[in-house]
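Peer 1: Let me begin by handing over the structure; questions about it come next.
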Amino acid sequence: MSTDAETPKIAKLKIGDKELDLPIIEGTEGNIAVDIRNLRKETGAVTFDPGFGNTAGTLSKITFLNGEEGILRYSGYPIEELAQKSTFLEVAWLLIHQELPTADQLEGFEHEIRYHTMLHEDFKRFFSSLPKEGHPMALCAATASALSAFYPDVKFDDPEEHRWKAAVRLLAKFPTIAAYSFKHSIGQPFMFPRNSFSYTENVMHMMFSNPCEEYTPDPVAAKVLDLLLILHADHEQNCSTSTVRTVGSAQANLFASVSAGISALWGPLHGGANQKVIEMLIAIHEGGKTARQFMDMAKDKSSGVRLMGFGHRVYKNYDPRAKILKKACHDVLARLGSSTPLLDIALELEEIALHDDYFIQRKLYPNVDFYSGIIYQALNIPIDMFTVFFAMGRMPGWISQWLEFHRDPHSKITRPRQIYMGATLRHYVPVNER
């Protein structure tokens, strides 16, 4: 690699008798990448990277993540500051525009969101055609995709103002979609959104109110739910975000692309992990095992026991979002007057993991899923809805990533290569001769 500051930094790759100069791209935080765009063209070779854990597919200005040091920033702003001082809709604007809004911009944005929350009345028939026992994530993915039918004018190559309107509609309507998916599952009437409520108050109203009596959302619950959405808002090129970008790369519209992202998030290795954490804690509590007994079983591969909520594909340090949620857990349970043995079990599991060489050597620290489920449960949100609220939080991240891909003049349709390992050339034999 060249050390001359005035000369482009280069990595050299030799394959057989061919030597290739590969440019080095350096990010604003000092992270570097080897530019291999011409590798196959000039050498006939491709890279082999299952899961793309060492492959950067884009240059992005949205989120910076340093897993080794436990750093997460949205467009430069530390997640700790945003969690303490910001709101979810302000963070949504930040992710989409990469700048915090002015007071007037934020007020206008909140107004737009507030007045686009209603769903077309025909959606009631759409929901009624779906089984009540269906998972809410399936309903949310289907409904998000169906928005394309209700707004057929939304296209990939729309002018910027049309894409903005689609983004506002999706952000505004998803809490209504989420609440309707819950109401449908329990056979209760759908509740219209209320323009007098905040974003999180509105979704709580639509989920927990009914036509028989007045319902006033708890401001403490609304505040902590806003915090959860902020912490989920974006997380760089994760599975669901990459899915949104991949589907968008085929010039699919925003609704179709996000629907695919919802489906990806549903997986238990991704957004569904917080549901698995609470199920694990319940199993420990109801099974009569101590936290120490469970952790000993988790270390034994033959036991079939899996420790959920620890470790992360990217973080090799304590997930900064988990630190924030650990404190929020104590605060919300105290202020709501709730108590749960699950939190006590969770704290004991964490204490063991942080002082046990087995978990320390494997860098198994609590992640965001570990405490989020306990808070969702304290807010009386059903387990099946945990991932739906994760999707609600991730919505501005998906939208901002889709928009960024759209604005990038160098973007291309996603098309990974493969290393073929199947049979070599052979010829067809008639069935009666085989």
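Chain identifiers are assigned as A, B, and so on, following the order in which chains appear in the structure tokens; residues are numbered from 1 within each chain, and ligands are numbered from 1 in order of appearance.
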Quick one: residues within 7 Å of Asp226 in chain A, only C-alpha atoms counted, chain neighbours fewer than 4 positions away excluded, as a list in words?
Peer 2: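 Contacts, with the query itself left out: Thr87, Phe88, Thr200, Ala222 and Ile230 of chain A.
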Peer 1: Running DSSP on the backbone, which parts of range 174-370 of chain A land in alpha helix (DSSP H), as a ChimeraX atom specification?
Peer 2: /A:174-186,199-208,219-232,239-249,254-265,273-287,291-299,320-335,341-355,357-361,368-370
Peer 1: What are the closest atom pairs, with distances in Å to one decimal, for all residues of range 10-72 of chain A lying within 9 Å of range 298-318 of chain A? Consider only C-alpha atoms, order rows by chain and residue number, and present the result as a tab-separated table.
Peer 2:
residue	atom	partner	partner_atom	distance
A:Gly53	CA	A:Arg313	CA	8.6
A:Leu65	CA	A:Val314	CA	8.5
A:Asn66	CA	A:Tyr315	CA	7.4
A:Gly67	CA	A:Tyr315	CA	3.8
A:Glu68	CA	A:Lys316	CA	5.0
A:Glu69	CA	A:Asn317	CA	6.1
A:Gly70	CA	A:Asn317	CA	5.3
A:Ile71	CA	A:Tyr315	CA	8.8
Peer 1: Name the residues in contact with Pro136 in chain A at a cut-off of 6 Å, using only C-alpha atoms, excluding same-chain residues fewer than 2 positions from it; report them as a PyMOL selection string.
Peer 2: chain A and resi 138-139+181
Peer 1: Near Met395 in chain A, counting only C-alpha atoms, which residues have an atom at most 7 Å away, once you skip same-chain residues fewer than 3 positions from it, shown as an MDAnalysis selection string?
Peer 2: chainID A and resid 171 233 391:392 398:399
Peer 1: Show me, as a compact mmCIF listing (two decimals) with all heavy atoms, in the first residue's frame, the residues that have an atom within 10 Å of Ala144 in chain A when counting only C-alpha atoms, minus same-chain residues fewer than 3 positions from it.
Peer 2:
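The file below, selection_23.txt, is the result:
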# COMPACT_ATOMS: atom_id res chain seq x y z
N LEU A 139 -49.39 -10.26 8.33
CA LEU A 139 -50.41 -9.28 7.96
C LEU A 139 -49.77 -7.94 7.61
O LEU A 139 -50.18 -7.27 6.65
CB LEU A 139 -51.41 -9.09 9.10
CG LEU A 139 -52.59 -10.08 9.15
CD1 LEU A 139 -52.12 -11.49 9.44
CD2 LEU A 139 -53.62 -9.65 10.20
N CYS A 140 -48.77 -7.53 8.38
CA CYS A 140 -48.11 -6.24 8.13
C CYS A 140 -47.36 -6.25 6.80
O CYS A 140 -47.40 -5.26 6.05
CB CYS A 140 -47.15 -5.92 9.28
SG CYS A 140 -47.97 -5.46 10.81
N ALA A 141 -46.68 -7.35 6.50
CA ALA A 141 -45.96 -7.45 5.22
C ALA A 141 -46.94 -7.41 4.06
O ALA A 141 -46.72 -6.71 3.05
CB ALA A 141 -45.13 -8.74 5.18
N LEU A 147 -50.33 -1.53 -0.16
CA LEU A 147 -50.36 -0.08 -0.36
C LEU A 147 -50.03 0.28 -1.80
O LEU A 147 -50.48 1.31 -2.32
CB LEU A 147 -49.37 0.61 0.59
CG LEU A 147 -49.77 0.66 2.07
CD1 LEU A 147 -48.61 1.20 2.91
CD2 LEU A 147 -51.01 1.52 2.28
N SER A 148 -49.23 -0.57 -2.46
CA SER A 148 -48.90 -0.34 -3.87
C SER A 148 -50.15 -0.34 -4.73
O SER A 148 -50.23 0.37 -5.75
CB SER A 148 -47.93 -1.41 -4.37
OG SER A 148 -46.73 -1.40 -3.65
N ALA A 149 -51.13 -1.17 -4.35
CA ALA A 149 -52.38 -1.24 -5.12
C ALA A 149 -53.26 -0.02 -4.85
O ALA A 149 -53.98 0.45 -5.75
CB ALA A 149 -53.14 -2.52 -4.78
N LEU A 170 -46.05 5.95 4.33
CA LEU A 170 -45.64 4.70 4.95
C LEU A 170 -45.36 4.88 6.44
O LEU A 170 -45.80 4.08 7.28
CB LEU A 170 -44.40 4.16 4.24
CG LEU A 170 -43.99 2.71 4.51
CD1 LEU A 170 -45.16 1.75 4.35
CD2 LEU A 170 -42.85 2.32 3.58
N LYS A 173 -48.83 5.58 8.19
CA LYS A 173 -49.84 4.52 8.18
C LYS A 173 -49.38 3.22 8.86
O LYS A 173 -50.23 2.40 9.22
CB LYS A 173 -50.26 4.22 6.73
CG LYS A 173 -50.96 5.38 6.05
CD LYS A 173 -51.35 5.05 4.63
CE LYS A 173 -51.84 6.30 3.90
NZ LYS A 173 -52.93 7.01 4.56
N PHE A 174 -48.07 3.05 9.04
CA PHE A 174 -47.66 1.76 9.60
C PHE A 174 -48.16 1.52 11.02
O PHE A 174 -48.54 0.39 11.35
CB PHE A 174 -46.14 1.58 9.52
CG PHE A 174 -45.74 0.15 9.78
CD1 PHE A 174 -45.90 -0.82 8.80
CD2 PHE A 174 -45.28 -0.25 11.03
CE1 PHE A 174 -45.59 -2.14 9.05
CE2 PHE A 174 -44.96 -1.57 11.28
CZ PHE A 174 -45.12 -2.53 10.29
N ILE A 177 -51.54 0.19 10.53
CA ILE A 177 -51.45 -1.19 10.04
C ILE A 177 -51.13 -2.14 11.18
O ILE A 177 -51.74 -3.21 11.33
CB ILE A 177 -50.38 -1.29 8.93
CG1 ILE A 177 -50.84 -0.54 7.67
CG2 ILE A 177 -50.08 -2.75 8.59
CD1 ILE A 177 -49.76 -0.38 6.62
N LEU A 254 -41.36 1.82 -3.21
CA LEU A 254 -41.03 1.84 -1.79
C LEU A 254 -41.87 0.85 -0.99
O LEU A 254 -41.35 0.14 -0.12
CB LEU A 254 -41.23 3.26 -1.24
CG LEU A 254 -40.94 3.45 0.26
CD1 LEU A 254 -39.49 3.10 0.58
CD2 LEU A 254 -41.25 4.89 0.68
N PHE A 255 -43.17 0.77 -1.27
CA PHE A 255 -44.05 -0.12 -0.51
C PHE A 255 -43.65 -1.59 -0.69
O PHE A 255 -43.56 -2.35 0.27
CB PHE A 255 -45.50 0.07 -0.92
CG PHE A 255 -46.01 1.48 -0.75
CD1 PHE A 255 -46.80 2.07 -1.73
CD2 PHE A 255 -45.70 2.22 0.37
CE1 PHE A 255 -47.28 3.36 -1.59
CE2 PHE A 255 -46.16 3.53 0.53
CZ PHE A 255 -46.95 4.10 -0.45
N ALA A 256 -43.38 -1.99 -1.93
CA ALA A 256 -42.97 -3.36 -2.21
C ALA A 256 -41.63 -3.68 -1.57
O ALA A 256 -41.42 -4.77 -1.02
CB ALA A 256 -42.91 -3.60 -3.71
N SER A 257 -40.71 -2.72 -1.63
CA SER A 257 -39.37 -2.94 -1.07
C SER A 257 -39.43 -3.10 0.45
O SER A 257 -38.79 -4.00 1.02
CB SER A 257 -38.45 -1.77 -1.43
OG SER A 257 -38.35 -1.62 -2.84
N VAL A 258 -40.22 -2.26 1.10
CA VAL A 258 -40.33 -2.33 2.56
C VAL A 258 -41.09 -3.58 3.00
O VAL A 258 -40.78 -4.18 4.03
CB VAL A 258 -40.98 -1.05 3.12
CG1 VAL A 258 -41.41 -1.22 4.57
CG2 VAL A 258 -40.01 0.12 2.99
N SER A 259 -42.07 -4.01 2.21
CA SER A 259 -42.77 -5.25 2.51
C SER A 259 -41.78 -6.41 2.57
O SER A 259 -41.86 -7.27 3.47
CB SER A 259 -43.83 -5.53 1.45
OG SER A 259 -44.42 -6.80 1.65
N ALA A 260 -40.84 -6.43 1.65
CA ALA A 260 -39.81 -7.48 1.67
C ALA A 260 -38.94 -7.36 2.91
O ALA A 260 -38.53 -8.36 3.51
CB ALA A 260 -38.95 -7.39 0.41
N ILE A 262 -39.88 -6.20 5.83
CA ILE A 262 -40.67 -6.70 6.96
C ILE A 262 -40.57 -8.23 7.04
O ILE A 262 -40.39 -8.80 8.12
CB ILE A 262 -42.14 -6.27 6.82
CG1 ILE A 262 -42.26 -4.75 6.94
CG2 ILE A 262 -43.02 -6.94 7.88
CD1 ILE A 262 -43.64 -4.20 6.60
Peer 1: Closest to Gly248 in chain A among A:Phe389, A:Phe48, A:Trp402, A:Phe190, using only C-alpha atoms?
Peer 2: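 Of A:Phe389, A:Phe48, A:Trp402, A:Phe190, the one nearest Gly248 in chain A is A:Trp402, counting only C-alpha atoms.
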Peer 1: Considering only C-alpha atoms, state which residue in the set A:Ala334, A:Leu231, A:Val91, A:Ile345 is at the smallest distance from Lys289 in chain A.
Peer 2: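 Residue with the minimum atom-to-atom distance to Lys289 in chain A: A:Ile345.
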Peer 1: Excluding Lys132 in chain A and residues on its chain fewer than 5 positions from it, collect all residues at most 12 Å away from it, counting only C-alpha atoms, and give them as a compact mmCIF listing (two decimals) with all heavy atoms, in the first residue's frame.
Peer 2:
# COMPACT_ATOMS: atom_id res chain seq x y z
N PHE A 127 -58.25 -7.03 5.52
CA PHE A 127 -57.93 -7.72 6.76
C PHE A 127 -58.91 -8.86 7.03
O PHE A 127 -58.51 -9.93 7.50
CB PHE A 127 -57.94 -6.74 7.94
CG PHE A 127 -56.65 -6.01 8.14
CD1 PHE A 127 -56.47 -4.74 7.63
CD2 PHE A 127 -55.60 -6.59 8.84
CE1 PHE A 127 -55.28 -4.04 7.82
CE2 PHE A 127 -54.40 -5.92 9.02
CZ PHE A 127 -54.24 -4.64 8.51
N ALA A 138 -46.99 -11.30 9.24
CA ALA A 138 -47.48 -11.70 7.92
C ALA A 138 -48.51 -10.70 7.43
O ALA A 138 -48.52 -10.30 6.25
CB ALA A 138 -48.08 -13.10 7.98
N LEU A 139 -49.39 -10.26 8.33
CA LEU A 139 -50.41 -9.28 7.96
C LEU A 139 -49.77 -7.94 7.61
O LEU A 139 -50.18 -7.27 6.65
CB LEU A 139 -51.41 -9.09 9.10
CG LEU A 139 -52.59 -10.08 9.15
CD1 LEU A 139 -52.12 -11.49 9.44
CD2 LEU A 139 -53.62 -9.65 10.20
N TYR A 180 -54.13 -2.49 13.53
CA TYR A 180 -55.19 -3.26 12.88
C TYR A 180 -54.86 -4.75 12.85
O TYR A 180 -55.75 -5.60 12.99
CB TYR A 180 -55.44 -2.75 11.47
CG TYR A 180 -56.27 -1.48 11.38
CD1 TYR A 180 -56.46 -0.67 12.49
CD2 TYR A 180 -56.86 -1.10 10.18
CE1 TYR A 180 -57.21 0.50 12.40
CE2 TYR A 180 -57.63 0.06 10.08
CZ TYR A 180 -57.80 0.85 11.20
OH TYR A 180 -58.56 2.00 11.12
N SER A 181 -53.58 -5.07 12.65
CA SER A 181 -53.19 -6.48 12.63
C SER A 181 -53.45 -7.12 13.99
O SER A 181 -53.85 -8.29 14.09
CB SER A 181 -51.72 -6.64 12.24
OG SER A 181 -50.85 -6.20 13.27
N PHE A 182 -53.26 -6.35 15.07
CA PHE A 182 -53.54 -6.86 16.41
C PHE A 182 -55.04 -6.97 16.66
O PHE A 182 -55.53 -8.01 17.13
CB PHE A 182 -52.90 -5.94 17.45
CG PHE A 182 -53.30 -6.24 18.86
CD1 PHE A 182 -52.94 -7.45 19.45
CD2 PHE A 182 -54.04 -5.34 19.61
CE1 PHE A 182 -53.31 -7.75 20.76
CE2 PHE A 182 -54.42 -5.62 20.91
CZ PHE A 182 -54.06 -6.84 21.49
N LYS A 183 -55.77 -5.92 16.33
CA LYS A 183 -57.23 -5.94 16.54
C LYS A 183 -57.87 -7.08 15.75
O LYS A 183 -58.80 -7.74 16.23
CB LYS A 183 -57.83 -4.60 16.13
CG LYS A 183 -57.54 -3.45 17.09
CD LYS A 183 -58.21 -3.66 18.44
CE LYS A 183 -58.23 -2.38 19.25
NZ LYS A 183 -58.84 -2.59 20.59
N HIS A 184 -57.39 -7.30 14.55
CA HIS A 184 -57.93 -8.39 13.73
C HIS A 184 -57.72 -9.74 14.41
O HIS A 184 -58.61 -10.60 14.41
CB HIS A 184 -57.25 -8.39 12.36
CG HIS A 184 -57.64 -9.53 11.47
ND1 HIS A 184 -58.90 -9.67 10.93
CD2 HIS A 184 -56.93 -10.62 11.04
CE1 HIS A 184 -58.95 -10.78 10.20
NE2 HIS A 184 -57.78 -11.37 10.26
N SER A 185 -56.56 -9.92 15.04
CA SER A 185 -56.24 -11.22 15.66
C SER A 185 -57.11 -11.51 16.87
O SER A 185 -57.33 -12.69 17.21
CB SER A 185 -54.76 -11.26 16.06
OG SER A 185 -54.50 -10.40 17.16
N ILE A 186 -57.63 -10.46 17.54
CA ILE A 186 -58.44 -10.70 18.73
C ILE A 186 -59.93 -10.42 18.49
O ILE A 186 -60.73 -10.49 19.41
CB ILE A 186 -57.94 -9.86 19.93
CG1 ILE A 186 -57.99 -8.36 19.62
CG2 ILE A 186 -56.52 -10.28 20.30
CD1 ILE A 186 -57.62 -7.48 20.80
N GLY A 187 -60.26 -10.10 17.23
CA GLY A 187 -61.67 -9.94 16.87
C GLY A 187 -62.33 -8.68 17.38
O GLY A 187 -63.56 -8.61 17.50
N GLN A 188 -61.54 -7.64 17.65
CA GLN A 188 -62.10 -6.38 18.11
C GLN A 188 -62.20 -5.38 16.95
O GLN A 188 -61.47 -5.49 15.97
CB GLN A 188 -61.25 -5.77 19.23
CG GLN A 188 -61.36 -6.50 20.55
CD GLN A 188 -60.68 -5.73 21.67
OE1 GLN A 188 -60.19 -4.61 21.49
NE2 GLN A 188 -60.64 -6.34 22.85
Peer 1: Could you name the residues that touch range 268-280 of chain A at 9 Å or less, counting only C-alpha atoms, but leaving out those on the same chain fewer than 4 positions away, as a VMD selection string?
Peer 2: chain A and resid 238 to 240 264 284 to 285 306 to 309 342 368 to 374 377 383 to 388 390 to 391
Peer 1: Which is closer to Leu20 in chain A than all the others in A:Arg335, A:Lys61, A:Lys41, A:Arg415, using only C-alpha atoms?
Peer 2: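 So, comparing all the options, the nearest one is A:Lys41.
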Peer 1: Would you work out the distance separating CA of Ile96 in chain A from CA of Ile381 in chain A, expressed in Å to one decimal?
Peer 2: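 Atom-to-atom, CA of Ile96 in chain A to CA of Ile381 in chain A, that is 28.1 Å.
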Peer 1: Just how far from CA of Lys9 in chain A is CA of Gln401 in chain A, in Å to one decimal?
Peer 2: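 Computed distance, CA of Gln401 in chain A to CA of Lys9 in chain A, equals 28.3 Å.
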Peer 1: State, in Å with one decimal place, the distance from CA of Glu214 in chain A to CA of Ala378 in chain A.
Peer 2: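 Those two atoms sit 21.4 Å apart.
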Peer 1: Which one of A:Asp319, A:Asp153, A:Asp218, A:Asp331 sits closest to Ile375 in chain A if you count only C-alpha atoms?
Peer 2: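 Of all the options, A:Asp331 lies closest to Ile375 in chain A.
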